[in-house]
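To start, the structure under review is shown below, and the notes come after it.
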Amino acid sequence: MEQYKFMTLGRHIIEGEKMHPEASGELSYLLRDLSLAAKVISLEVNKAGLVDILGFTGDNNIHGEKVKKLDIYAHDMLIRAMDYGGHLCVMASEEEEGIIHISKKHKIGKYVLLFDPLDGSSNIDANISIGTIFSIYKRITPENTPGAMEDCLQQGIKQVAAGYVVYGSSTIFVYTAGQGVHAFTLDPSFGEFLLSHENIQIPKKAKIYSANEGNYLYWHKGLKKYIKYLQEEDKETGRPYSSRYIGSMVADIHRNLLYGGIFMYPADSRHPNGKLRLMYECNPMAFLIESAGGRATDGKQRILEINPEKLHQRVPIFIGSEEDVKMVEKFMAEADVEKTVS
Ligand code: AHG
Ligand code: MN
Ligand code: MN
């Protein structure tokens with residue numbers, strides 16, 4: 001790998017901005033504030049086994065799932081790090097039912113931030129990688145007024161930047177502002193994110209599939225056929241594939257971004273919209289993966305073109321290497337045709 005000496009996240013963002021003299025610099029400040037929140041959350045995640053922070057708070061979040069203390073810590077930290085900067089007009093978080101207004105004490109900006117503060121949080125106790133996912137839009141309501149729900153409910157294609165932070169064997173900040181996907185690894189000794197992967201391109205086809213196969217029984221017939229197809233032997237098409245499922249979307253997608261592969265959280269007969277949230281998980285990941293040359297759909301429609309109806313809307317997702325995603329779509333379309341014929 002090429003060695004990048006001291007290309008910090010901050011410096012990289014500024015360099016990128018120099019190519020756009022019309023840019024106001026606000027997006028750079030916003031990303032810088034996000035990276036600061038990421039460092040603080042990373043510290044807390046690393047301390048999780050040492051201090052009395054593990055365990056349920058006893059509350060359920062708005063989705064009826066158990067919430068861990070670190071979810072709330074990360075949610076609060078992001079709001080505290082982001083609301084004073086003057087760059088945002090509104091925020092929304094997976095951990096809060098309604099939109100989050102910017103405190104009246106602070107300047108109102110032109111950007112909108114949506115985030116999943118801690119993704120994969122059921123894995124915390126087992127020391128498995130978790131992450132933070134973020135998505136940034138420009139507001140559509142008039143400037144200098146409080147942001148509104150319609151600023152948050154924009155199509156994914158309107159994102160101006162998106163990214164995630166994976167808290168794993170190291171902490172990595174991955175983002176795109178539309179021009180390439182770049183990853184920065186946190187050097188814990190001096191607390192800087194350093195460029196480690198520039199212009200990441202996801203392989204067009206790979207040998208990894210990632211899904212919770214415990215739900216197999218409830219899946220679409222075409223998807224079942226596709227999984228069986230991946231498990232068959234065929235040297236020419238590189239089968240059988242390997243199955244890799246961490247159960248932390250950030251970690252599963254990060255691996256697939258680097259090695260190639262397909263990640264799926266499909267609809268099933270018990271959950272017709274799948275599990276993952278459009279605004280906090282699917283849109284930002286789709287923006288990143290498409291920017292890296294991959295594909296993301298709900299099986300039929302491009303994720304980024306879905307018209308959001310609700311803040312906490314769930315959608316099925318198939319995301320990753322382009323040819324692999326196209327293949328699962330083909331299997332499902334064929335099964336639908338068979339169903340209508342029979
Ligand atoms: P979160 O911790 O933000 O609620 O997200 C968990 C998500 C995602 O990270 C992961 O891909 C998926 O849930 C795993 O779900 P299953 O346990 O149903 O496989
Ligand atoms: Mn999540
Ligand atoms: Mn979460």
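Quick note on naming: the chains in the structure tokens go A, B, ... in the order shown, residues restart at 1 in each chain, and ligands are numbered from 1 in order of appearance.
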Report task. Write out as a PyMOL selection string the residues lying within 10 Å of A:Thr8, counting only C-alpha atoms and excluding same-chain residues fewer than 2 positions away. Result -> chain A and resi 4-6+10-14+184-186+192-196
Would you write out those residues with C-alpha atoms, as a PDB file, in the first residue's frame?
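Writing done, so here's selection-v8.pdb:
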ATOM      1  CA  TYR A   4       0.544   8.614   3.132  1.00  0.00           C
ATOM      2  CA  LYS A   5       2.563  10.590   5.601  1.00  0.00           C
ATOM      3  CA  PHE A   6       0.543  12.788   7.900  1.00  0.00           C
ATOM      4  CA  GLY A  10      -8.695  17.803   8.355  1.00  0.00           C
ATOM      5  CA  ARG A  11      -5.994  18.477   5.792  1.00  0.00           C
ATOM      6  CA  HIS A  12      -7.595  16.125   3.267  1.00  0.00           C
ATOM      7  CA  ILE A  13     -10.943  17.880   3.550  1.00  0.00           C
ATOM      8  CA  ILE A  14      -9.288  21.282   3.034  1.00  0.00           C
ATOM      9  CA  PHE A 184      -8.751   7.541   7.765  1.00  0.00           C
ATOM     10  CA  THR A 185      -7.389   5.469  10.610  1.00  0.00           C
ATOM     11  CA  LEU A 186      -7.197   6.995  14.078  1.00  0.00           C
ATOM     12  CA  GLU A 192      -5.479  12.218  14.588  1.00  0.00           C
ATOM     13  CA  PHE A 193      -7.286  10.441  11.778  1.00  0.00           C
ATOM     14  CA  LEU A 194      -4.643   9.695   9.122  1.00  0.00           C
ATOM     15  CA  LEU A 195      -5.416   8.852   5.511  1.00  0.00           C
ATOM     16  CA  SER A 196      -5.106   5.087   5.127  1.00  0.00           C
TER      17      SER A 196
END
Which protein, DNA or RNA residues have an atom within 7 Å of ligand 1, counting only C-alpha atoms and all ligand atoms, as a CSV table (one decimal) with C-alpha atoms, in the first residue's frame?
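The result, stored in pocket.csv:
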chain,number,residue,atom,x,y,z
A,116,ASP,CA,-27.3,6.2,13.6
A,118,LEU,CA,-24.2,3.4,17.4
A,119,ASP,CA,-24.8,0.7,14.9
A,120,GLY,CA,-24.5,-3.0,15.9
A,121,SER,CA,-24.9,-2.1,19.6
A,122,SER,CA,-26.1,-5.6,20.5
A,212,ASN,CA,-28.6,-13.4,8.6
A,247,GLY,CA,-24.3,-8.5,12.6
A,248,SER,CA,-23.0,-5.0,12.7
A,249,MET,CA,-23.9,-3.3,9.4
A,250,VAL,CA,-20.9,-0.9,9.6
A,275,LYS,CA,-35.0,-4.3,9.4
A,276,LEU,CA,-32.7,-1.5,8.5
Query raised in the report: Within 9 Å of ligand 3, counting only C-alpha atoms and all ligand atoms: which residues, as a list in words?
Result: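 Listing the residues within 9 Å of ligand 3 gives Val67, Asp71, Ser93, Glu94, Glu95, Phe115, Asp116, Pro117, Leu118, Asp119, Gly120, Ser121, Gly131, Thr132, Ile133, Tyr280 and Glu281 of chain A.
The residue that comes closest to ligand 2, out of A:Asp252, A:Glu290, A:Glu329, A:Glu305 and on the basis of only C-alpha atoms and all ligand atoms, is A:Asp252.
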Requested in this report: Using only C-alpha atoms, find the one residue out of A:Gly293, A:Pro142, A:Gly320, A:Gly156 that sits nearest to A:Ile253.
Outcome: A:Gly320
Report task. Write out as a list of chain:residue names the residues lying within 8 Å of A:Ala292, counting only C-alpha atoms and excluding same-chain residues fewer than 3 positions away. Result -> A:Gly180, A:Val181, A:Asn199, A:Ile200, A:Gln201, A:Ile202, A:Leu257, A:Leu288, A:Ile289
May I have the selected residues written with all heavy atoms, as a tab-separated table (two decimals), in the first residue's frame?
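Written output follows (part.tsv):
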chain	number	residue	atom	x	y	z
A	180	GLY	N	-15.18	10.38	-4.56
A	180	GLY	CA	-14.35	9.32	-4.03
A	180	GLY	C	-14.68	9.00	-2.58
A	180	GLY	O	-15.24	9.83	-1.84
A	181	VAL	N	-14.32	7.79	-2.20
A	181	VAL	CA	-14.54	7.33	-0.83
A	181	VAL	C	-13.16	7.18	-0.19
A	181	VAL	O	-12.28	6.53	-0.75
A	181	VAL	CB	-15.28	5.98	-0.83
A	181	VAL	CG1	-15.45	5.45	0.58
A	181	VAL	CG2	-16.63	6.12	-1.52
A	199	ASN	N	-9.56	6.96	-2.27
A	199	ASN	CA	-10.30	6.57	-3.47
A	199	ASN	C	-10.62	5.09	-3.53
A	199	ASN	O	-10.28	4.40	-4.49
A	199	ASN	CB	-9.49	6.92	-4.71
A	199	ASN	CG	-10.10	8.12	-5.38
A	199	ASN	OD1	-11.32	8.24	-5.43
A	199	ASN	ND2	-9.25	9.01	-5.86
A	200	ILE	N	-11.29	4.61	-2.53
A	200	ILE	CA	-11.58	3.16	-2.46
A	200	ILE	C	-12.57	2.80	-3.57
A	200	ILE	O	-13.58	3.47	-3.77
A	200	ILE	CB	-12.20	2.80	-1.10
A	200	ILE	CG1	-11.28	3.24	0.05
A	200	ILE	CG2	-12.48	1.30	-1.02
A	200	ILE	CD1	-11.91	3.12	1.42
A	201	GLN	N	-12.28	1.72	-4.26
A	201	GLN	CA	-13.19	1.18	-5.28
A	201	GLN	C	-13.58	-0.22	-4.84
A	201	GLN	O	-12.71	-1.06	-4.58
A	201	GLN	CB	-12.47	1.09	-6.63
A	201	GLN	CG	-12.25	2.44	-7.30
A	201	GLN	CD	-13.56	3.07	-7.79
A	201	GLN	OE1	-14.35	2.43	-8.47
A	201	GLN	NE2	-13.80	4.32	-7.42
A	202	ILE	N	-14.85	-0.48	-4.76
A	202	ILE	CA	-15.29	-1.82	-4.38
A	202	ILE	C	-15.17	-2.74	-5.61
A	202	ILE	O	-15.55	-2.34	-6.71
A	202	ILE	CB	-16.72	-1.80	-3.79
A	202	ILE	CG1	-17.13	-3.20	-3.30
A	202	ILE	CG2	-17.76	-1.26	-4.76
A	202	ILE	CD1	-18.43	-3.21	-2.46
A	257	LEU	N	-16.60	-3.32	1.44
A	257	LEU	CA	-16.07	-2.19	0.68
A	257	LEU	C	-14.61	-2.48	0.29
A	257	LEU	O	-14.19	-2.21	-0.83
A	257	LEU	CB	-16.15	-0.92	1.54
A	257	LEU	CG	-15.57	0.37	0.96
A	257	LEU	CD1	-16.35	0.81	-0.28
A	257	LEU	CD2	-15.58	1.49	2.00
A	288	LEU	N	-22.28	5.87	-0.14
A	288	LEU	CA	-20.86	5.49	-0.06
A	288	LEU	C	-20.52	4.39	-1.07
A	288	LEU	O	-19.55	4.50	-1.81
A	288	LEU	CB	-20.54	4.95	1.33
A	288	LEU	CG	-20.20	5.94	2.42
A	288	LEU	CD1	-20.21	5.26	3.77
A	288	LEU	CD2	-18.82	6.56	2.18
A	289	ILE	N	-21.34	3.36	-1.07
A	289	ILE	CA	-21.03	2.19	-1.92
A	289	ILE	C	-21.16	2.57	-3.40
A	289	ILE	O	-20.32	2.18	-4.22
A	289	ILE	CB	-21.92	0.98	-1.55
A	289	ILE	CG1	-21.53	0.46	-0.15
A	289	ILE	CG2	-21.84	-0.13	-2.59
A	289	ILE	CD1	-20.15	-0.18	-0.03
Report task. Write out as a PyMOL selection string which residues come within 8 Å of stretch 85-92 of chain A when counting only C-alpha atoms, dropping same-chain ones fewer than 2 positions away. Result -> chain A and resi 26-27+29-30+33+81-83+94+96+98-102+106-115+139+145-148+151-152+311
**Report entry** Residues within 12 Å of A:Phe331, only C-alpha atoms, excluding chain neighbours under 2 positions, as a PyMOL selection string
**Finding:** chain A and resi 220-230+299-300+324-329+333-338
Query - Between atom CA of A:His197 and atom CA of A:Leu258 - distance in Å to one decimal - result: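 Atom CA of A:His197 lies 9.3 Å from atom CA of A:Leu258.
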Query raised in the report: What does the distance between atom CA of A:Leu43 and atom CA of A:Asp125 come to in Å, to one decimal place?
Result: 15.7 Å
Query - All residues 7 Å or closer to A:Ala38, only C-alpha atoms, same chain fewer than 4 positions away omitted, as a list in words - result: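 So the residues in contact are Leu34, Ser42 and Val165 of chain A.
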Query - DSSP-assigned strand (DSSP E or B) among stretch 97-289 of chain A, expressed as a ChimeraX atom specification - result: /A:100-101,111-119,130-138,161-167,171-176,181-187,192-197,208-210,234,239,242-243,262-265,277
Long-range neighbours of A:Ala296 as an mmCIF file with all heavy atoms, in the first residue's frame, 10 Å cut-off, only C-alpha atoms, 4 positions minimum in chain:
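Saved to selection_9.cif:
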data_model
loop_
_atom_site.group_PDB
_atom_site.id
_atom_site.type_symbol
_atom_site.label_atom_id
_atom_site.label_comp_id
_atom_site.auth_asym_id
_atom_site.auth_seq_id
_atom_site.Cartn_x
_atom_site.Cartn_y
_atom_site.Cartn_z
ATOM 1 N N ILE A 262 -21.424 -8.936 -1.180
ATOM 2 C CA ILE A 262 -22.796 -8.422 -1.099
ATOM 3 C C ILE A 262 -23.284 -8.550 0.337
ATOM 4 O O ILE A 262 -23.066 -9.561 1.000
ATOM 5 C CB ILE A 262 -23.733 -9.160 -2.092
ATOM 6 C CG1 ILE A 262 -25.163 -8.631 -1.969
ATOM 7 C CG2 ILE A 262 -23.695 -10.675 -1.924
ATOM 8 C CD1 ILE A 262 -26.093 -9.107 -3.076
ATOM 9 N N PHE A 263 -23.941 -7.475 0.811
ATOM 10 C CA PHE A 263 -24.580 -7.481 2.127
ATOM 11 C C PHE A 263 -26.077 -7.364 1.891
ATOM 12 O O PHE A 263 -26.521 -6.554 1.064
ATOM 13 C CB PHE A 263 -24.088 -6.288 2.959
ATOM 14 C CG PHE A 263 -24.837 -6.105 4.254
ATOM 15 C CD1 PHE A 263 -24.439 -6.772 5.409
ATOM 16 C CD2 PHE A 263 -25.954 -5.281 4.330
ATOM 17 C CE1 PHE A 263 -25.141 -6.607 6.605
ATOM 18 C CE2 PHE A 263 -26.658 -5.112 5.515
ATOM 19 C CZ PHE A 263 -26.240 -5.779 6.659
ATOM 20 N N MET A 264 -26.831 -8.199 2.590
ATOM 21 C CA MET A 264 -28.285 -8.188 2.381
ATOM 22 C C MET A 264 -29.006 -8.112 3.714
ATOM 23 O O MET A 264 -28.648 -8.844 4.631
ATOM 24 C CB MET A 264 -28.733 -9.501 1.707
ATOM 25 C CG MET A 264 -28.077 -9.752 0.378
ATOM 26 S SD MET A 264 -28.329 -11.466 -0.175
ATOM 27 C CE MET A 264 -26.761 -12.210 0.241
ATOM 28 N N CYS A 282 -29.468 2.860 5.424
ATOM 29 C CA CYS A 282 -29.418 2.452 4.014
ATOM 30 C C CYS A 282 -28.962 3.573 3.085
ATOM 31 O O CYS A 282 -28.105 3.361 2.222
ATOM 32 C CB CYS A 282 -30.772 1.888 3.588
ATOM 33 S SG CYS A 282 -31.216 0.451 4.580
ATOM 34 N N ASN A 283 -29.515 4.777 3.239
ATOM 35 C CA ASN A 283 -29.120 5.873 2.344
ATOM 36 C C ASN A 283 -27.632 6.222 2.455
ATOM 37 O O ASN A 283 -26.949 6.303 1.429
ATOM 38 C CB ASN A 283 -29.979 7.114 2.589
ATOM 39 C CG ASN A 283 -31.198 7.146 1.679
ATOM 40 O OD1 ASN A 283 -31.195 6.542 0.610
ATOM 41 N ND2 ASN A 283 -32.237 7.843 2.096
ATOM 42 N N MET A 285 -25.149 4.425 3.491
ATOM 43 C CA MET A 285 -24.325 3.320 2.985
ATOM 44 C C MET A 285 -24.449 3.202 1.468
ATOM 45 O O MET A 285 -23.469 2.918 0.780
ATOM 46 C CB MET A 285 -24.730 2.006 3.655
ATOM 47 C CG MET A 285 -24.330 1.930 5.108
ATOM 48 S SD MET A 285 -22.551 2.233 5.326
ATOM 49 C CE MET A 285 -22.314 1.637 6.989
ATOM 50 N N ALA A 286 -25.650 3.440 0.937
ATOM 51 C CA ALA A 286 -25.846 3.358 -0.519
ATOM 52 C C ALA A 286 -25.036 4.455 -1.218
ATOM 53 O O ALA A 286 -24.418 4.223 -2.259
ATOM 54 C CB ALA A 286 -27.331 3.495 -0.860
ATOM 55 N N PHE A 287 -25.017 5.647 -0.627
ATOM 56 C CA PHE A 287 -24.259 6.767 -1.214
ATOM 57 C C PHE A 287 -22.756 6.445 -1.247
ATOM 58 O O PHE A 287 -22.072 6.652 -2.252
ATOM 59 C CB PHE A 287 -24.536 8.035 -0.405
ATOM 60 C CG PHE A 287 -24.024 9.304 -1.023
ATOM 61 C CD1 PHE A 287 -24.368 9.671 -2.321
ATOM 62 C CD2 PHE A 287 -23.198 10.163 -0.303
ATOM 63 C CE1 PHE A 287 -23.890 10.857 -2.890
ATOM 64 C CE2 PHE A 287 -22.719 11.350 -0.858
ATOM 65 C CZ PHE A 287 -23.069 11.695 -2.150
ATOM 66 N N LEU A 288 -22.283 5.871 -0.142
ATOM 67 C CA LEU A 288 -20.861 5.494 -0.065
ATOM 68 C C LEU A 288 -20.524 4.395 -1.071
ATOM 69 O O LEU A 288 -19.546 4.495 -1.809
ATOM 70 C CB LEU A 288 -20.542 4.950 1.333
ATOM 71 C CG LEU A 288 -20.202 5.943 2.421
ATOM 72 C CD1 LEU A 288 -20.212 5.257 3.767
ATOM 73 C CD2 LEU A 288 -18.821 6.559 2.181
ATOM 74 N N ILE A 289 -21.344 3.358 -1.069
ATOM 75 C CA ILE A 289 -21.033 2.195 -1.923
ATOM 76 C C ILE A 289 -21.160 2.571 -3.399
ATOM 77 O O ILE A 289 -20.322 2.180 -4.219
ATOM 78 C CB ILE A 289 -21.917 0.979 -1.545
ATOM 79 C CG1 ILE A 289 -21.528 0.462 -0.150
ATOM 80 C CG2 ILE A 289 -21.842 -0.131 -2.590
ATOM 81 C CD1 ILE A 289 -20.147 -0.178 -0.030
ATOM 82 N N GLU A 290 -22.171 3.362 -3.748
ATOM 83 C CA GLU A 290 -22.260 3.813 -5.150
ATOM 84 C C GLU A 290 -21.061 4.687 -5.500
ATOM 85 O O GLU A 290 -20.518 4.593 -6.601
ATOM 86 C CB GLU A 290 -23.564 4.579 -5.402
ATOM 87 C CG GLU A 290 -24.774 3.675 -5.556
ATOM 88 C CD GLU A 290 -25.936 4.374 -6.268
ATOM 89 O OE1 GLU A 290 -25.759 5.495 -6.780
ATOM 90 O OE2 GLU A 290 -27.029 3.772 -6.307
ATOM 91 N N LYS A 300 -35.336 -4.137 -6.204
ATOM 92 C CA LYS A 300 -35.901 -3.657 -7.464
ATOM 93 C C LYS A 300 -35.463 -2.220 -7.728
ATOM 94 O O LYS A 300 -35.016 -1.878 -8.799
ATOM 95 C CB LYS A 300 -37.437 -3.686 -7.406
ATOM 96 C CG LYS A 300 -38.011 -5.092 -7.468
ATOM 97 C CD LYS A 300 -39.523 -5.043 -7.485
ATOM 98 C CE LYS A 300 -40.084 -6.456 -7.611
ATOM 99 N NZ LYS A 300 -41.270 -6.666 -6.823
ATOM 100 N N GLN A 301 -35.644 -1.401 -6.714
ATOM 101 C CA GLN A 301 -35.426 0.041 -6.891
ATOM 102 C C GLN A 301 -34.116 0.473 -6.226
ATOM 103 O O GLN A 301 -33.737 -0.059 -5.167
ATOM 104 C CB GLN A 301 -36.599 0.793 -6.226
ATOM 105 C CG GLN A 301 -36.584 2.268 -6.487
ATOM 106 C CD GLN A 301 -37.702 2.996 -5.737
ATOM 107 O OE1 GLN A 301 -38.373 2.431 -4.873
ATOM 108 N NE2 GLN A 301 -37.892 4.261 -6.058
ATOM 109 N N ARG A 302 -33.481 1.467 -6.864
ATOM 110 C CA ARG A 302 -32.265 2.044 -6.288
ATOM 111 C C ARG A 302 -32.609 2.672 -4.934
ATOM 112 O O ARG A 302 -33.567 3.455 -4.842
ATOM 113 C CB ARG A 302 -31.779 3.117 -7.264
ATOM 114 C CG ARG A 302 -30.407 3.621 -7.034
ATOM 115 C CD ARG A 302 -30.091 4.637 -8.123
ATOM 116 N NE ARG A 302 -28.885 5.370 -7.815
ATOM 117 C CZ ARG A 302 -28.625 6.585 -8.274
ATOM 118 N NH1 ARG A 302 -29.496 7.188 -9.074
ATOM 119 N NH2 ARG A 302 -27.511 7.198 -7.961
ATOM 120 N N ILE A 303 -31.845 2.318 -3.896
ATOM 121 C CA ILE A 303 -32.110 2.868 -2.557
ATOM 122 C C ILE A 303 -32.154 4.400 -2.595
ATOM 123 O O ILE A 303 -33.046 5.027 -2.020
ATOM 124 C CB ILE A 303 -31.014 2.396 -1.550
ATOM 125 C CG1 ILE A 303 -31.081 0.882 -1.313
ATOM 126 C CG2 ILE A 303 -31.074 3.180 -0.241
ATOM 127 C CD1 ILE A 303 -32.228 0.379 -0.484
ATOM 128 N N LEU A 304 -31.183 5.004 -3.301
ATOM 129 C CA LEU A 304 -31.060 6.464 -3.291
ATOM 130 C C LEU A 304 -32.239 7.175 -3.946
ATOM 131 O O LEU A 304 -32.382 8.380 -3.808
ATOM 132 C CB LEU A 304 -29.757 6.893 -3.977
ATOM 133 C CG LEU A 304 -28.466 6.450 -3.291
ATOM 134 C CD1 LEU A 304 -27.250 6.931 -4.075
ATOM 135 C CD2 LEU A 304 -28.399 6.975 -1.857
ATOM 136 N N ILE A 317 -32.604 -4.180 1.876
ATOM 137 C CA ILE A 317 -31.408 -3.670 1.174
ATOM 138 C C ILE A 317 -30.516 -4.800 0.660
ATOM 139 O O ILE A 317 -30.330 -5.822 1.349
ATOM 140 C CB ILE A 317 -30.611 -2.691 2.079
ATOM 141 C CG1 ILE A 317 -29.463 -2.052 1.282
ATOM 142 C CG2 ILE A 317 -30.101 -3.352 3.347
ATOM 143 C CD1 ILE A 317 -28.838 -0.830 1.939
ATOM 144 N N PHE A 318 -30.023 -4.605 -0.552
ATOM 145 C CA PHE A 318 -29.022 -5.466 -1.183
ATOM 146 C C PHE A 318 -27.934 -4.517 -1.642
ATOM 147 O O PHE A 318 -28.184 -3.650 -2.485
ATOM 148 C CB PHE A 318 -29.623 -6.231 -2.370
ATOM 149 C CG PHE A 318 -30.779 -7.106 -1.965
ATOM 150 C CD1 PHE A 318 -32.067 -6.586 -1.906
ATOM 151 C CD2 PHE A 318 -30.573 -8.421 -1.596
ATOM 152 C CE1 PHE A 318 -33.137 -7.370 -1.492
ATOM 153 C CE2 PHE A 318 -31.635 -9.213 -1.186
ATOM 154 C CZ PHE A 318 -32.920 -8.692 -1.135
ATOM 155 N N ILE A 319 -26.735 -4.641 -1.118
ATOM 156 C CA ILE A 319 -25.728 -3.593 -1.340
ATOM 157 C C ILE A 319 -24.336 -4.208 -1.433
ATOM 158 O O ILE A 319 -24.020 -5.146 -0.707
ATOM 159 C CB ILE A 319 -25.819 -2.553 -0.187
ATOM 160 C CG1 ILE A 319 -24.800 -1.430 -0.346
ATOM 161 C CG2 ILE A 319 -25.696 -3.179 1.178
ATOM 162 C CD1 ILE A 319 -25.027 -0.241 0.595
ATOM 163 N N GLY A 320 -23.537 -3.668 -2.361
ATOM 164 C CA GLY A 320 -22.150 -4.133 -2.459
ATOM 165 C C GLY A 320 -21.658 -4.165 -3.882
ATOM 166 O O GLY A 320 -21.972 -3.272 -4.688
ATOM 167 N N SER A 321 -20.912 -5.216 -4.213
ATOM 168 C CA SER A 321 -20.318 -5.355 -5.543
ATOM 169 C C SER A 321 -21.419 -5.384 -6.597
ATOM 170 O O SER A 321 -22.407 -6.116 -6.459
ATOM 171 C CB SER A 321 -19.492 -6.637 -5.609
ATOM 172 O OG SER A 321 -18.394 -6.537 -4.735
ATOM 173 N N GLU A 322 -21.233 -4.598 -7.648
ATOM 174 C CA GLU A 322 -22.296 -4.381 -8.630
ATOM 175 C C GLU A 322 -22.851 -5.682 -9.221
ATOM 176 O O GLU A 322 -24.064 -5.910 -9.242
ATOM 177 C CB GLU A 322 -21.750 -3.491 -9.750
ATOM 178 C CG GLU A 322 -22.807 -3.087 -10.742
ATOM 179 C CD GLU A 322 -22.262 -2.228 -11.874
ATOM 180 O OE1 GLU A 322 -21.037 -1.997 -11.954
ATOM 181 O OE2 GLU A 322 -23.080 -1.792 -12.691
ATOM 182 N N VAL A 325 -24.915 -7.775 -6.731
ATOM 183 C CA VAL A 325 -26.240 -7.215 -6.429
ATOM 184 C C VAL A 325 -27.180 -7.442 -7.622
ATOM 185 O O VAL A 325 -28.345 -7.816 -7.450
ATOM 186 C CB VAL A 325 -26.145 -5.717 -6.033
ATOM 187 C CG1 VAL A 325 -27.530 -5.122 -5.831
ATOM 188 C CG2 VAL A 325 -25.315 -5.557 -4.760
ATOM 189 N N LYS A 326 -26.639 -7.269 -8.833
ATOM 190 C CA LYS A 326 -27.480 -7.501 -10.016
ATOM 191 C C LYS A 326 -27.944 -8.958 -10.072
ATOM 192 O O LYS A 326 -29.065 -9.247 -10.491
ATOM 193 C CB LYS A 326 -26.703 -7.149 -11.287
ATOM 194 C CG LYS A 326 -26.641 -5.657 -11.543
ATOM 195 C CD LYS A 326 -25.995 -5.355 -12.869
ATOM 196 C CE LYS A 326 -26.089 -3.870 -13.197
ATOM 197 N NZ LYS A 326 -25.167 -3.483 -14.258
#
Requested in this report: Pick out each residue of stretch 52-235 of chain A that DSSP on the backbone tags as helix (DSSP H, G or I); I need them as a PyMOL selection string.
Outcome: chain A and resi 69-82+121-126+149-152+156-158+213-218+221-231+235
For the residues in that selection, give me C-alpha atoms as a PDB file, in the first residue's frame.
ATOM      1  CA  LYS A  69     -25.985   2.965  27.569  1.00  0.00           C
ATOM      2  CA  LEU A  70     -23.432   3.522  24.855  1.00  0.00           C
ATOM      3  CA  ASP A  71     -26.188   4.168  22.285  1.00  0.00           C
ATOM      4  CA  ILE A  72     -27.404   7.049  24.379  1.00  0.00           C
ATOM      5  CA  TYR A  73     -23.896   8.250  25.123  1.00  0.00           C
ATOM      6  CA  ALA A  74     -23.087   8.352  21.384  1.00  0.00           C
ATOM      7  CA  HIS A  75     -26.427  10.023  20.569  1.00  0.00           C
ATOM      8  CA  ASP A  76     -25.870  12.741  23.192  1.00  0.00           C
ATOM      9  CA  MET A  77     -22.245  13.230  22.219  1.00  0.00           C
ATOM     10  CA  LEU A  78     -23.114  13.738  18.554  1.00  0.00           C
ATOM     11  CA  ILE A  79     -25.744  16.324  19.405  1.00  0.00           C
ATOM     12  CA  ARG A  80     -23.375  18.139  21.765  1.00  0.00           C
ATOM     13  CA  ALA A  81     -20.573  18.125  19.192  1.00  0.00           C
ATOM     14  CA  MET A  82     -22.766  19.229  16.316  1.00  0.00           C
ATOM     15  CA  SER A 121     -24.900  -2.144  19.571  1.00  0.00           C
ATOM     16  CA  SER A 122     -26.054  -5.649  20.491  1.00  0.00           C
ATOM     17  CA  ASN A 123     -22.422  -6.631  19.857  1.00  0.00           C
ATOM     18  CA  ILE A 124     -20.848  -4.297  22.426  1.00  0.00           C
ATOM     19  CA  ASP A 125     -20.586  -6.801  25.240  1.00  0.00           C
ATOM     20  CA  ALA A 126     -18.776  -9.275  22.993  1.00  0.00           C
ATOM     21  CA  MET A 149     -39.170  17.461   8.801  1.00  0.00           C
ATOM     22  CA  GLU A 150     -39.064  18.020   5.028  1.00  0.00           C
ATOM     23  CA  ASP A 151     -35.355  18.867   5.278  1.00  0.00           C
ATOM     24  CA  CYS A 152     -34.810  15.418   6.766  1.00  0.00           C
ATOM     25  CA  GLY A 156     -30.804   9.701  -0.665  1.00  0.00           C
ATOM     26  CA  ILE A 157     -29.604  10.969  -4.002  1.00  0.00           C
ATOM     27  CA  LYS A 158     -29.666  14.480  -2.530  1.00  0.00           C
ATOM     28  CA  GLU A 213     -29.367 -16.837   7.290  1.00  0.00           C
ATOM     29  CA  GLY A 214     -31.354 -17.607  10.413  1.00  0.00           C
ATOM     30  CA  ASN A 215     -34.216 -15.891   8.594  1.00  0.00           C
ATOM     31  CA  TYR A 216     -33.893 -18.166   5.532  1.00  0.00           C
ATOM     32  CA  LEU A 217     -37.258 -19.853   6.086  1.00  0.00           C
ATOM     33  CA  TYR A 218     -39.071 -16.522   5.750  1.00  0.00           C
ATOM     34  CA  LYS A 221     -38.203 -17.769  -3.039  1.00  0.00           C
ATOM     35  CA  GLY A 222     -35.775 -16.100  -5.454  1.00  0.00           C
ATOM     36  CA  LEU A 223     -33.463 -15.143  -2.598  1.00  0.00           C
ATOM     37  CA  LYS A 224     -33.450 -18.717  -1.293  1.00  0.00           C
ATOM     38  CA  LYS A 225     -32.485 -19.917  -4.776  1.00  0.00           C
ATOM     39  CA  TYR A 226     -29.747 -17.286  -4.992  1.00  0.00           C
ATOM     40  CA  ILE A 227     -28.202 -18.391  -1.695  1.00  0.00           C
ATOM     41  CA  LYS A 228     -28.223 -22.031  -2.837  1.00  0.00           C
ATOM     42  CA  TYR A 229     -26.631 -20.890  -6.135  1.00  0.00           C
ATOM     43  CA  LEU A 230     -23.818 -19.153  -4.205  1.00  0.00           C
ATOM     44  CA  GLN A 231     -23.169 -22.359  -2.286  1.00  0.00           C
ATOM     45  CA  LYS A 235     -14.828 -22.555 -10.653  1.00  0.00           C
TER      46      LYS A 235
END
Report summary line: Judged by only C-alpha atoms, the minimum distance to A:Asn273 among A:Arg244, A:His254, A:His312, A:Arg239 is found for A:His312
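One distance worth recording is that between atom CA of A:Ile62 and atom CA of A:Met279, which is 15.0 Å.
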Requested in this report: Counting only C-alpha atoms, figure out which residue out of A:Leu153, A:Ile306, A:Ala161, A:Ala211 gets nearest to A:Ile246.
Outcome: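 Closest to A:Ile246, using only C-alpha atoms: A:Ala211.
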